[in-house]
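Text of entry_29.cif, listed as mmCIF, C-alpha atoms and all ligand atoms:
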data_protein
#
loop_
_atom_site.label_atom_id
_atom_site.label_comp_id
_atom_site.auth_asym_id
_atom_site.auth_seq_id
_atom_site.Cartn_x
_atom_site.Cartn_y
_atom_site.Cartn_z
CA MET V 78 106.15 124.09 93.57
CA THR V 79 103.74 121.40 92.46
CA ARG V 80 100.12 122.06 91.64
CA SER V 81 97.47 121.16 94.20
CA PHE V 82 94.63 118.83 93.27
CA MET V 83 92.43 119.80 96.20
CA PRO V 84 89.06 121.42 95.46
CA GLU V 85 89.06 125.09 94.58
CA VAL V 86 86.23 125.74 97.03
CA ALA V 87 86.90 126.31 100.71
CA THR V 88 83.43 126.41 102.30
CA GLU V 89 80.44 124.09 102.38
CA GLU V 90 78.29 126.78 100.73
CA ALA V 91 80.69 127.13 97.82
CA LEU V 92 80.83 123.35 97.49
CA GLN V 93 77.03 123.21 97.30
CA ASP V 94 76.98 125.94 94.64
CA LEU V 95 79.46 123.90 92.63
CA GLN V 96 77.30 120.80 93.06
CA LEU V 97 74.16 122.56 91.91
CA GLU V 98 75.93 123.91 88.85
CA GLY V 99 77.27 120.42 88.08
CA LEU V 100 73.89 118.79 88.64
CA LYS V 101 72.16 121.19 86.27
CA TRP V 102 74.85 120.67 83.66
CA THR V 103 74.69 116.87 83.98
CA VAL V 104 70.91 116.69 83.68
CA THR V 105 70.89 118.95 80.62
CA HIS V 106 73.79 117.07 79.06
CA ALA V 107 72.24 113.63 79.62
CA TYR V 108 68.78 114.72 78.46
CA GLY V 109 70.23 116.16 75.27
CA GLY V 110 72.76 113.45 74.54
CA SER V 111 71.25 110.13 75.63
CA ASP V 112 68.07 108.48 74.37
CA PHE V 113 68.02 106.37 77.51
CA TYR V 114 68.06 109.31 79.89
CA ARG V 115 65.60 111.38 77.83
CA LYS V 116 63.12 108.52 77.88
CA ARG V 117 63.58 108.00 81.63
CA PHE V 118 63.13 111.69 82.38
CA ASP V 119 60.05 111.92 80.18
CA GLU V 120 58.55 108.88 81.93
CA ALA V 121 59.23 110.52 85.29
CA GLY V 122 57.77 113.80 84.02
CA VAL V 123 60.88 115.81 84.80
CA LYS V 124 62.72 118.28 82.56
CA PRO V 125 66.23 119.72 83.00
CA ASP V 126 64.71 123.11 83.88
CA ASP V 127 62.97 121.55 86.91
CA ILE V 128 66.32 121.29 88.70
CA ARG V 129 66.60 124.55 90.61
CA SER V 130 68.10 123.44 93.93
CA LEU V 131 70.07 120.46 95.20
CA ARG V 132 66.88 119.15 96.81
CA ASP V 133 65.39 118.72 93.35
CA ILE V 134 67.68 115.73 92.83
CA LYS V 135 64.82 113.75 94.45
CA ARG V 136 62.71 114.34 91.35
CA LEU V 137 65.18 112.47 89.16
CA PRO V 138 64.68 108.79 88.34
CA PHE V 139 67.16 106.16 89.54
CA THR V 140 69.62 104.24 87.37
CA THR V 141 70.67 100.67 88.18
CA ALA V 142 73.16 98.01 87.15
CA LYS V 143 70.32 96.42 85.19
CA ASP V 144 70.05 99.55 83.03
CA LEU V 145 73.74 99.27 82.25
CA GLN V 146 73.41 95.63 81.29
CA GLU V 147 70.33 96.21 79.16
CA GLY V 148 72.05 99.06 77.35
CA TYR V 149 75.06 96.88 76.50
CA PRO V 150 77.47 97.50 74.80
CA PHE V 151 77.47 101.30 75.30
CA PRO V 152 74.92 102.10 78.03
CA LEU V 153 74.29 105.68 79.22
CA ARG V 154 76.42 107.02 76.34
CA SER V 155 75.70 110.73 76.14
CA VAL V 156 78.25 111.95 73.56
CA PRO V 157 78.92 111.01 69.91
CA PHE V 158 81.38 108.16 69.34
CA THR V 159 83.87 110.63 67.86
CA ASP V 160 84.26 112.19 71.33
CA ILE V 161 84.97 108.90 73.07
CA VAL V 162 88.67 108.19 73.58
CA ARG V 163 88.48 105.10 75.77
CA ILE V 164 86.15 102.53 77.28
CA HIS V 165 86.47 100.46 80.44
CA ALA V 166 84.43 97.46 81.49
CA SER V 167 83.76 95.79 84.81
CA SER V 168 85.39 92.43 85.40
CA GLY V 169 82.08 90.73 86.26
CA THR V 170 81.92 87.00 85.76
CA THR V 171 78.17 86.62 85.25
CA GLY V 172 75.99 88.37 82.72
CA LYS V 173 77.09 91.19 80.54
CA ARG V 174 79.91 93.46 81.59
CA LYS V 175 79.17 97.04 82.48
CA VAL V 176 80.86 99.18 79.85
CA LEU V 177 81.52 102.88 80.42
CA CYS V 178 82.66 105.46 77.87
CA TYR V 179 85.25 108.18 78.58
CA THR V 180 85.91 111.44 76.76
CA GLN V 181 89.35 113.06 77.00
CA LYS V 182 87.94 115.39 79.66
CA ASP V 183 86.68 112.41 81.68
CA ILE V 184 90.17 110.88 81.58
CA ASP V 185 91.71 114.22 82.61
CA ASP V 186 89.22 114.62 85.48
CA TRP V 187 89.88 111.08 86.67
CA GLY V 188 93.64 111.72 86.62
CA ASP V 189 93.14 114.96 88.57
CA PHE V 190 91.08 113.45 91.34
CA PHE V 191 93.27 110.37 91.54
CA ALA V 192 96.25 112.69 91.93
CA ARG V 193 94.28 114.19 94.82
CA CYS V 194 94.34 110.76 96.50
CA TYR V 195 98.13 110.79 96.51
CA GLU V 196 98.17 114.39 97.71
CA MET V 197 95.76 113.58 100.52
CA ALA V 198 97.90 110.59 101.52
CA GLY V 199 100.78 113.04 101.94
CA LEU V 200 102.96 111.90 99.03
CA SER V 201 105.48 114.13 97.27
CA GLN V 202 107.30 114.01 93.93
CA GLU V 203 110.07 112.16 95.72
CA ASP V 204 107.80 109.16 96.21
CA ARG V 205 108.06 105.95 94.20
CA VAL V 206 104.76 104.19 93.78
CA GLN V 207 104.74 100.45 93.12
CA ILE V 208 101.39 99.73 91.51
CA ALA V 209 100.67 96.06 92.16
CA VAL V 210 97.06 95.95 90.93
CA GLY V 211 95.71 94.58 87.65
CA TYR V 212 96.01 96.31 84.30
CA GLY V 213 93.43 95.61 81.61
CA VAL V 214 89.97 96.54 80.44
CA TRP V 215 88.90 97.08 84.03
CA THR V 216 89.90 100.36 85.62
CA ALA V 217 92.34 99.49 88.40
CA GLY V 218 95.98 99.74 87.32
CA VAL V 219 95.55 102.39 84.67
CA GLY V 220 93.78 104.69 87.17
CA PHE V 221 96.50 104.36 89.80
CA GLN V 222 99.12 105.10 87.15
CA LEU V 223 97.31 108.03 85.55
CA GLY V 224 96.92 109.72 88.93
CA CYS V 225 100.53 109.01 89.91
CA GLU V 226 101.95 110.53 86.75
CA LYS V 227 99.70 113.55 86.99
CA PHE V 228 100.72 114.01 90.61
CA GLY V 229 104.35 113.79 89.60
CA ALA V 230 105.59 110.84 91.66
CA MET V 231 107.39 107.92 90.02
CA ALA V 232 105.07 105.12 88.91
CA ILE V 233 106.32 101.53 88.91
CA PRO V 234 103.62 99.62 87.01
CA ALA V 235 104.36 96.20 88.48
CA GLY V 236 100.92 94.65 88.07
CA PRO V 237 99.56 92.04 90.49
CA GLY V 238 101.17 88.78 91.63
CA ASN V 239 104.77 87.81 90.84
CA ILE V 240 105.99 88.08 94.43
CA ASP V 241 109.68 87.55 93.56
CA MET V 242 109.61 90.53 91.24
CA GLN V 243 107.63 92.65 93.70
CA CYS V 244 110.18 92.00 96.45
CA MET V 245 113.06 92.73 94.08
CA PHE V 246 111.44 96.05 93.08
CA LEU V 247 110.90 96.99 96.73
CA VAL V 248 114.61 96.52 97.39
CA ASP V 249 116.15 97.72 94.11
CA PHE V 250 113.86 100.66 93.32
CA GLN V 251 113.32 101.62 96.98
CA SER V 252 109.57 101.99 96.43
CA THR V 253 108.00 104.17 99.13
CA VAL V 254 104.35 103.40 98.39
CA LEU V 255 102.71 100.09 97.57
CA CYS V 256 99.25 99.96 95.94
CA CYS V 257 97.54 96.57 96.08
CA THR V 258 94.54 94.66 97.38
CA ALA V 259 94.40 93.89 101.09
CA SER V 260 95.04 90.18 100.58
CA MET V 261 98.07 90.89 98.40
CA GLY V 262 99.25 93.35 101.04
CA LEU V 263 99.20 90.59 103.64
CA LEU V 264 100.99 88.21 101.29
CA MET V 265 103.71 90.79 100.58
CA ALA V 266 104.10 91.58 104.28
CA GLU V 267 104.58 87.90 105.11
CA GLU V 268 107.08 87.48 102.24
CA VAL V 269 109.10 90.48 103.41
CA GLU V 270 109.28 88.87 106.83
CA LYS V 271 110.14 85.43 105.45
CA ARG V 272 112.91 86.82 103.26
CA ASN V 273 114.14 89.00 106.09
CA ILE V 274 114.35 92.12 103.90
CA LYS V 275 112.47 94.58 106.10
CA ASP V 276 115.62 96.66 106.68
CA LYS V 277 116.45 96.70 102.97
CA ILE V 278 113.13 98.19 101.83
CA ASN V 279 111.93 101.78 102.12
CA LEU V 280 108.12 101.48 102.21
CA LYS V 281 106.27 104.25 104.05
CA LYS V 282 102.69 103.84 102.92
CA VAL V 283 100.33 101.21 101.57
CA ILE V 284 97.19 102.03 99.59
CA PHE V 285 94.49 99.36 99.42
CA GLY V 286 91.94 99.23 96.63
CA SER V 287 88.53 97.62 96.52
CA GLU V 288 88.65 95.05 99.32
CA ARG V 289 87.51 95.25 102.94
CA SER V 290 90.25 94.53 105.47
CA SER V 291 89.99 93.89 109.17
CA GLU V 292 91.75 96.00 111.78
CA ALA V 293 93.83 92.97 112.86
CA MET V 294 95.00 92.39 109.29
CA ARG V 295 96.00 96.03 108.86
CA LYS V 296 97.91 96.02 112.11
CA ARG V 297 99.87 92.96 111.07
CA ILE V 298 100.72 94.40 107.64
CA LYS V 299 101.86 97.67 109.21
CA GLU V 300 104.14 95.85 111.64
CA LEU V 301 105.67 93.45 109.14
CA LEU V 302 106.34 96.13 106.52
CA GLY V 303 107.20 98.89 108.97
CA VAL V 304 104.88 101.38 107.24
CA GLU V 305 103.34 104.49 108.82
CA HIS V 306 99.98 104.49 107.09
CA ILE V 307 97.54 102.24 105.31
CA PHE V 308 94.93 104.04 103.20
CA ASP V 309 91.70 102.85 101.62
CA ILE V 310 90.79 103.87 98.09
CA PRO V 311 87.20 103.19 97.04
CA GLY V 312 86.03 103.13 93.47
CA MET V 313 83.90 101.42 90.88
CA THR V 314 84.04 101.31 87.10
CA GLU V 315 80.68 103.07 86.81
CA LEU V 316 82.10 106.08 88.64
CA TYR V 317 85.31 106.50 86.56
CA GLY V 318 87.16 103.76 88.49
CA PRO V 319 89.24 103.70 91.68
CA GLY V 320 90.26 106.96 93.32
CA THR V 321 86.89 108.52 94.15
CA GLY V 322 87.98 109.13 97.73
CA LEU V 323 90.62 108.39 100.36
CA ASP V 324 90.99 108.51 104.12
CA CYS V 325 93.55 111.18 105.02
CA VAL V 326 96.37 110.69 107.55
CA TYR V 327 93.89 111.15 110.42
CA HIS V 328 91.92 108.06 109.26
CA GLU V 329 88.60 109.36 110.58
CA GLY V 330 86.68 108.29 107.49
CA ILE V 331 86.99 108.26 103.72
CA HIS V 332 86.93 111.75 102.25
CA TYR V 333 84.95 111.63 99.04
CA TRP V 334 85.17 113.99 96.10
CA ALA V 335 81.94 115.91 96.50
CA ASP V 336 83.06 118.32 93.79
CA TYR V 337 82.90 115.46 91.25
CA TYR V 338 79.82 113.59 92.44
CA ILE V 339 76.88 113.85 94.80
CA LEU V 340 76.55 111.01 97.28
CA GLU V 341 73.09 110.23 98.64
CA ILE V 342 72.66 107.63 101.38
CA LEU V 343 69.20 106.11 101.00
CA ASP V 344 67.17 103.44 102.73
CA PRO V 345 67.30 100.61 100.15
CA GLU V 346 63.66 99.70 100.85
CA THR V 347 61.94 103.09 100.85
CA LEU V 348 64.58 104.95 98.78
CA GLU V 349 64.23 107.86 101.19
CA GLN V 350 67.25 109.61 102.61
CA VAL V 351 68.42 108.17 105.95
CA GLN V 352 69.44 110.31 108.93
CA ASP V 353 73.02 111.57 108.73
CA GLY V 354 75.16 108.85 110.27
CA ASP V 355 72.75 105.98 109.60
CA VAL V 356 73.60 103.12 107.27
CA GLY V 357 72.08 103.11 103.80
CA GLU V 358 72.77 102.50 100.14
CA MET V 359 75.21 104.75 98.28
CA VAL V 360 73.51 106.45 95.35
CA VAL V 361 75.75 108.58 93.16
CA THR V 362 75.21 111.37 90.65
CA THR V 363 78.17 112.65 88.67
CA LEU V 364 78.69 116.38 88.19
CA ARG V 365 81.15 116.55 85.27
CA LYS V 366 81.15 113.18 83.55
CA GLU V 367 80.56 113.49 79.80
CA GLY V 368 80.85 110.03 78.24
CA SER V 369 78.58 108.02 80.54
CA PRO V 370 77.16 110.32 83.22
CA LEU V 371 75.50 108.68 86.23
CA ILE V 372 72.24 110.02 87.56
CA ARG V 373 71.11 108.61 90.89
CA TYR V 374 72.94 105.38 90.23
CA ARG V 375 72.16 102.74 92.85
CA THR V 376 75.51 101.17 93.75
CA ARG V 377 74.01 98.60 96.20
CA ASP V 378 76.99 99.34 98.46
CA LEU V 379 76.20 100.24 102.03
CA THR V 380 77.89 102.85 104.10
CA ARG V 381 77.10 105.84 106.29
CA ILE V 382 78.05 109.49 106.24
CA ILE V 383 80.43 110.48 109.00
CA PRO V 384 78.62 113.57 110.23
CA LYS V 385 81.53 115.78 111.27
CA ARG V 386 84.46 117.72 109.91
CA CYS V 387 87.69 115.73 109.79
CA SER V 388 90.55 116.88 112.03
CA CYS V 389 92.50 117.74 108.87
CA GLY V 390 89.99 120.56 108.27
CA SER V 391 89.20 119.60 104.67
CA VAL V 392 85.87 120.77 103.27
CA LEU V 393 85.50 117.35 101.65
CA PRO V 394 82.91 115.24 103.52
CA MET V 395 83.52 111.68 104.66
CA HIS V 396 81.79 108.34 104.40
CA ASP V 397 82.58 105.21 106.35
CA ALA V 398 84.23 102.10 104.93
CA LEU V 399 81.89 100.02 102.77
CA LEU V 400 79.75 97.85 105.05
CA GLY V 401 78.44 95.29 102.58
CA ARG V 402 75.75 95.11 99.90
CA SER V 403 72.15 96.24 100.23
CA ASP V 404 70.98 92.98 98.61
CA ASP V 405 72.04 91.26 101.84
CA MET V 406 69.84 93.43 104.05
CA PHE V 407 66.84 91.97 105.87
CA ILE V 408 64.14 93.52 108.03
CA ILE V 409 62.97 92.14 111.34
CA ARG V 410 60.42 93.87 113.56
CA GLY V 411 60.80 97.01 111.54
CA VAL V 412 64.57 97.24 111.92
CA ASN V 413 66.88 97.09 108.87
CA ILE V 414 69.73 94.68 109.58
CA TYR V 415 72.86 94.11 107.53
CA PRO V 416 74.94 90.96 108.02
CA SER V 417 78.02 93.20 108.19
CA GLN V 418 76.72 94.58 111.50
CA VAL V 419 76.83 91.05 112.88
CA ASP V 420 80.33 90.60 111.40
CA THR V 421 81.56 93.70 113.16
CA MET V 422 79.91 92.80 116.44
CA LEU V 423 81.37 89.26 116.49
CA SER V 424 84.85 90.48 115.54
CA ASN V 425 84.87 92.44 118.81
CA ILE V 426 84.23 89.30 120.88
CA PRO V 427 87.47 87.29 120.97
CA GLU V 428 85.79 84.07 122.19
CA ALA V 429 83.46 84.04 119.16
CA GLY V 430 84.55 82.71 115.79
CA SER V 431 83.92 84.58 112.57
CA GLU V 432 81.44 82.05 111.14
CA TYR V 433 77.75 82.42 111.91
CA GLN V 434 74.25 81.90 110.55
CA ILE V 435 71.18 84.03 111.04
CA ILE V 436 67.82 82.23 111.03
CA LEU V 437 64.55 84.17 110.75
CA ASP V 438 61.23 82.54 111.66
CA ARG V 439 57.63 83.63 112.02
CA LYS V 440 56.00 81.86 114.96
CA GLU V 441 52.37 81.11 115.85
CA ASP V 442 52.01 84.43 117.63
CA GLY V 443 52.57 86.10 114.25
CA LYS V 444 55.80 87.71 115.37
CA ASP V 445 59.21 87.42 113.78
CA TYR V 446 62.09 85.84 115.68
CA MET V 447 65.79 85.91 114.97
CA SER V 448 68.18 83.23 116.11
CA LEU V 449 71.89 82.93 115.48
CA LYS V 450 74.30 80.04 115.33
CA VAL V 451 77.78 81.22 116.17
CA GLU V 452 80.95 79.17 116.17
CA ARG V 453 83.09 79.13 119.25
CA ASN V 454 86.54 80.48 118.30
CA LYS V 455 89.40 78.02 117.82
CA GLY V 456 90.94 76.92 121.12
CA GLN V 457 88.15 78.28 123.34
CA ASP V 458 86.77 76.27 126.24
CA PRO V 459 83.28 74.74 125.49
CA SER V 460 82.40 74.80 129.21
CA ARG V 461 82.12 78.59 128.93
CA ASP V 462 79.56 78.50 126.11
CA GLY V 463 76.79 79.76 128.40
CA GLU V 464 78.74 82.90 129.19
CA LEU V 465 79.60 83.47 125.50
CA LYS V 466 75.95 82.99 124.50
CA ARG V 467 74.78 85.64 127.00
CA ASN V 468 77.57 88.00 125.97
CA ILE V 469 76.59 87.82 122.28
CA GLU V 470 72.87 88.18 123.06
CA ASP V 471 73.61 91.32 125.08
CA GLU V 472 75.71 92.81 122.28
CA ILE V 473 73.01 92.09 119.68
CA LYS V 474 70.44 93.89 121.76
CA LYS V 475 72.78 96.81 122.41
CA GLN V 476 74.14 97.25 118.90
CA ILE V 477 71.42 96.00 116.58
CA LEU V 478 68.43 96.90 118.79
CA VAL V 479 66.64 93.59 118.20
CA SER V 480 66.63 90.49 120.40
CA GLY V 481 68.11 87.31 119.08
CA SER V 482 68.65 83.94 120.70
CA VAL V 483 72.14 82.54 120.24
CA SER V 484 73.37 78.98 120.15
CA ILE V 485 77.08 78.23 120.19
CA VAL V 486 78.42 75.49 117.92
CA ASP V 487 81.86 73.88 117.64
CA TYR V 488 84.62 75.55 115.67
CA GLY V 489 84.42 74.24 112.09
CA ASP V 490 80.75 73.15 112.39
CA LEU V 491 79.32 75.70 109.97
CA PRO V 492 79.94 75.20 106.24
CA ARG V 493 82.88 76.99 104.60
CA SER V 494 82.86 78.24 101.06
CA ASP V 495 85.52 79.76 98.83
CA ARG V 496 82.76 81.99 97.52
CA LYS V 497 80.47 84.04 99.65
CA SER V 498 78.94 81.86 102.38
CA LYS V 499 75.16 81.91 102.79
CA ARG V 500 74.56 83.41 106.20
CA VAL V 501 70.93 84.46 106.31
CA PHE V 502 68.15 81.85 106.26
CA ASP V 503 64.77 83.53 106.06
CA ASN V 504 61.98 80.99 106.70
CA ARG V 505 59.25 83.60 107.03
CA GLU V 506 57.99 83.83 103.45
CA LYS V 507 57.72 80.11 102.92
CA LYS V 508 55.41 79.87 105.92
CA GLN V 509 53.19 82.65 104.65
CA ARG V 510 52.70 80.85 101.36
CA GLY V 511 51.66 77.87 103.48
ZN ZN G 601 90.87 114.40 106.80
#
Would you mind writing the file out in structure tokens?
Ligand code: ZN
Amino acid sequence: MTRSFMPEVATEEALQDLQLEGLKWTVTHAYGGSDFYRKRFDEAGVKPDDIRSLRDIKRLPFTTAKDLQEGYPFPLRSVPFTDIVRIHASSGTTGKRKVLCYTQKDIDDWGDFFARCYEMAGLSQEDRVQIAVGYGVWTAGVGFQLGCEKFGAMAIPAGPGNIDMQCMFLVDFQSTVLCCTASMGLLMAEEVEKRNIKDKINLKKVIFGSERSSEAMRKRIKELLGVEHIFDIPGMTELYGPGTGLDCVYHEGIHYWADYYILEILDPETLEQVQDGDVGEMVVTTLRKEGSPLIRYRTRDLTRIIPKRCSCGSVLPMHDALLGRSDDMFIIRGVNIYPSQVDTMLSNIPEAGSEYQIILDRKEDGKDYMSLKVERNKGQDPSRDGELKRNIEDEIKKQILVSGSVSIVDYGDLPRSDRKSKRVFDNREKKQRG
């Protein structure tokens, strides 16, 4: 009988007790061990003893990516160097990397909750896990492997790329689980089809890290590889690394490990908590992390809480897939809008292409107006543009609750970029400055 990595608590009340205990410990630990945190707390006029209930988390100051960069090379460090057994750093290309310190207990905790990912995905010790993500100073590969070994399945540390080798491993080692990014998953699926080896491989499950994937893409990968499930694993270096949650076999949302961290969903403008189910910024506070604890760390990632119990019955709450970055948010007529909402809306209209631009103007009447340029999808009939325009305008009003006027442009008209395309053009401020 293998050990279970699921939380020891069975009820929401017990989970909250555990969170409060962890919050008190973290605040005391950080205040005592980190000059940075002590200074921040003193500035905010809050002491560890002030934390008496979970609601008191609101009294704590926020931490940001900027704090991590300013504290380079060992920001948020809250233990002596002699207790640190490892560091990881983000793979950022601009500015200083975010470096996080790990004690042996942090590594053990990470391994435990990553093992939980495999357990939640329904793996057993019979499984063979081909880990096709990067190994290095960033946290990806080593996290997948640590969790796999702790769980007791067989790890195949293949690393990314090298498609010939990956295909050979799938056939020769009979890997049952493939861990990779979504784009690599698609590449592998197409290779398996091209090489006609679908009946020679034994894949049952695919686990995606870090990258958003569309429903159409997932469907195609599932078909080509003949797998039963595709799972999403979120994670960031600041919060140990990948493995901080997983959607279970019911795929109703991403269960997150509320016994290791508190997740707040806040309005990125007001920093107040949003209604359960509304989109906001993920703000995380760790409950057991020793080396570099996080206290109200603003991730800038947007998601929403899924306000219900999952059909699997787990006490672990769920959040939605990541819906973009809060830096991309804009406000029009008092409504917070995220470009990802427009993405999602357009992806449900087959006649519309995926490329669009949002233009915001302030007119003479002093009111703000939103207009959108949307590409007609490839192969669609231009004579039906009027119908498409009305369809999109209706959907905007229904789903985003703001009116927008739409103009349809030819497929390929809007600029493409291999980086992130600029989609929002806000002309309102310029006008104000006159
Ligand atoms: Zn579930």
Please, which residues in chain V fall within 9 Å of ligand ZN 601 (chain G) when counting only C-alpha atoms and all ligand atoms, and what is the closest atom pair and distance in Å to one decimal for each, ordered by chain then residue number, as CSV?
residue,atom,partner,partner_atom,distance
V:Met197,CA,G:ZN601,ZN,8.0
V:Leu323,CA,G:ZN601,ZN,8.8
V:Asp324,CA,G:ZN601,ZN,6.5
V:Cys325,CA,G:ZN601,ZN,4.6
V:Val326,CA,G:ZN601,ZN,6.7
V:Tyr327,CA,G:ZN601,ZN,5.7
V:His328,CA,G:ZN601,ZN,6.9
V:Glu329,CA,G:ZN601,ZN,6.7
V:Gly330,CA,G:ZN601,ZN,7.4
V:Ile331,CA,G:ZN601,ZN,7.9
V:His332,CA,G:ZN601,ZN,6.6
V:Arg386,CA,G:ZN601,ZN,7.9
V:Cys387,CA,G:ZN601,ZN,4.6
V:Ser388,CA,G:ZN601,ZN,5.8
V:Cys389,CA,G:ZN601,ZN,4.3
V:Gly390,CA,G:ZN601,ZN,6.4
V:Ser391,CA,G:ZN601,ZN,5.9
V:Val392,CA,G:ZN601,ZN,8.8
V:Leu393,CA,G:ZN601,ZN,8.0
V:Pro394,CA,G:ZN601,ZN,8.7
V:Met395,CA,G:ZN601,ZN,8.1
Have a look at CA of Cys257 in chain V and CA of Ala209 in chain V and let me know their distance in Å, one decimal.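 It comes out at 5.0 Å.
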Which of these residues is nearest to Val210 in chain V, using all atoms listed in the file: V:Asp353, V:Thr314, V:Gly236, V:Thr321?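 Checking each candidate against Val210 in chain V, we get V:Gly236 as the closest.
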Anything within 12 Å of (70.7, 94.5, 121.4): list those residues as a ChimeraX atom specification, counting only C-alpha atoms and sticking to the file's coordinates. /V:412,414,418-419,422,447,467-482
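Separating CA of Asn239 in chain V from CA of Tyr317 in chain V is a distance of 27.3 Å.
Distances from V:Ser431, V:Ser417, V:Thr88, V:Asn504 to Val486 in chain V were compared using only C-alpha atoms, and the smallest one belongs to V:Ser431.
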Residue with smallest distance to Leu449 in chain V - pool V:Leu400, V:Pro492, V:Glu428, V:Val501, counting only C-alpha atoms: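 Smallest separation from Leu449 in chain V among the options: V:Val501.
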In Å to one decimal, how far is CA of Arg295 in chain V from CA of Glu203 in chain V?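 Interatomic distance here is 25.1 Å.
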With range 147-158 of chain V as the partner and 12 Å as the cut-off, tabulate the residues of range 343-402 of chain V that qualify, each row holding the nearest pair of atoms and their distance in Å to one decimal, using all atoms listed in the file, sorted by chain and rising number, as JSON lines.
{"residue": "V:Lys366", "atom": "CA", "partner": "V:Ser155", "partner_atom": "CA", "distance": 9.5}
{"residue": "V:Glu367", "atom": "CA", "partner": "V:Ser155", "partner_atom": "CA", "distance": 6.7}
{"residue": "V:Gly368", "atom": "CA", "partner": "V:Ser155", "partner_atom": "CA", "distance": 5.6}
{"residue": "V:Ser369", "atom": "CA", "partner": "V:Arg154", "partner_atom": "CA", "distance": 4.8}
{"residue": "V:Pro370", "atom": "CA", "partner": "V:Leu153", "partner_atom": "CA", "distance": 6.8}
{"residue": "V:Leu371", "atom": "CA", "partner": "V:Leu153", "partner_atom": "CA", "distance": 7.7}
{"residue": "V:Ile372", "atom": "CA", "partner": "V:Leu153", "partner_atom": "CA", "distance": 9.6}
{"residue": "V:Tyr374", "atom": "CA", "partner": "V:Leu153", "partner_atom": "CA", "distance": 11.1}
When distances are computed from only C-alpha atoms, which of V:Met406, V:Gly456, V:Gly238, V:Leu177 shows the smallest separation from Ser260 in chain V?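 Nearest candidate to Ser260 in chain V out of V:Met406, V:Gly456, V:Gly238, V:Leu177: V:Gly238.
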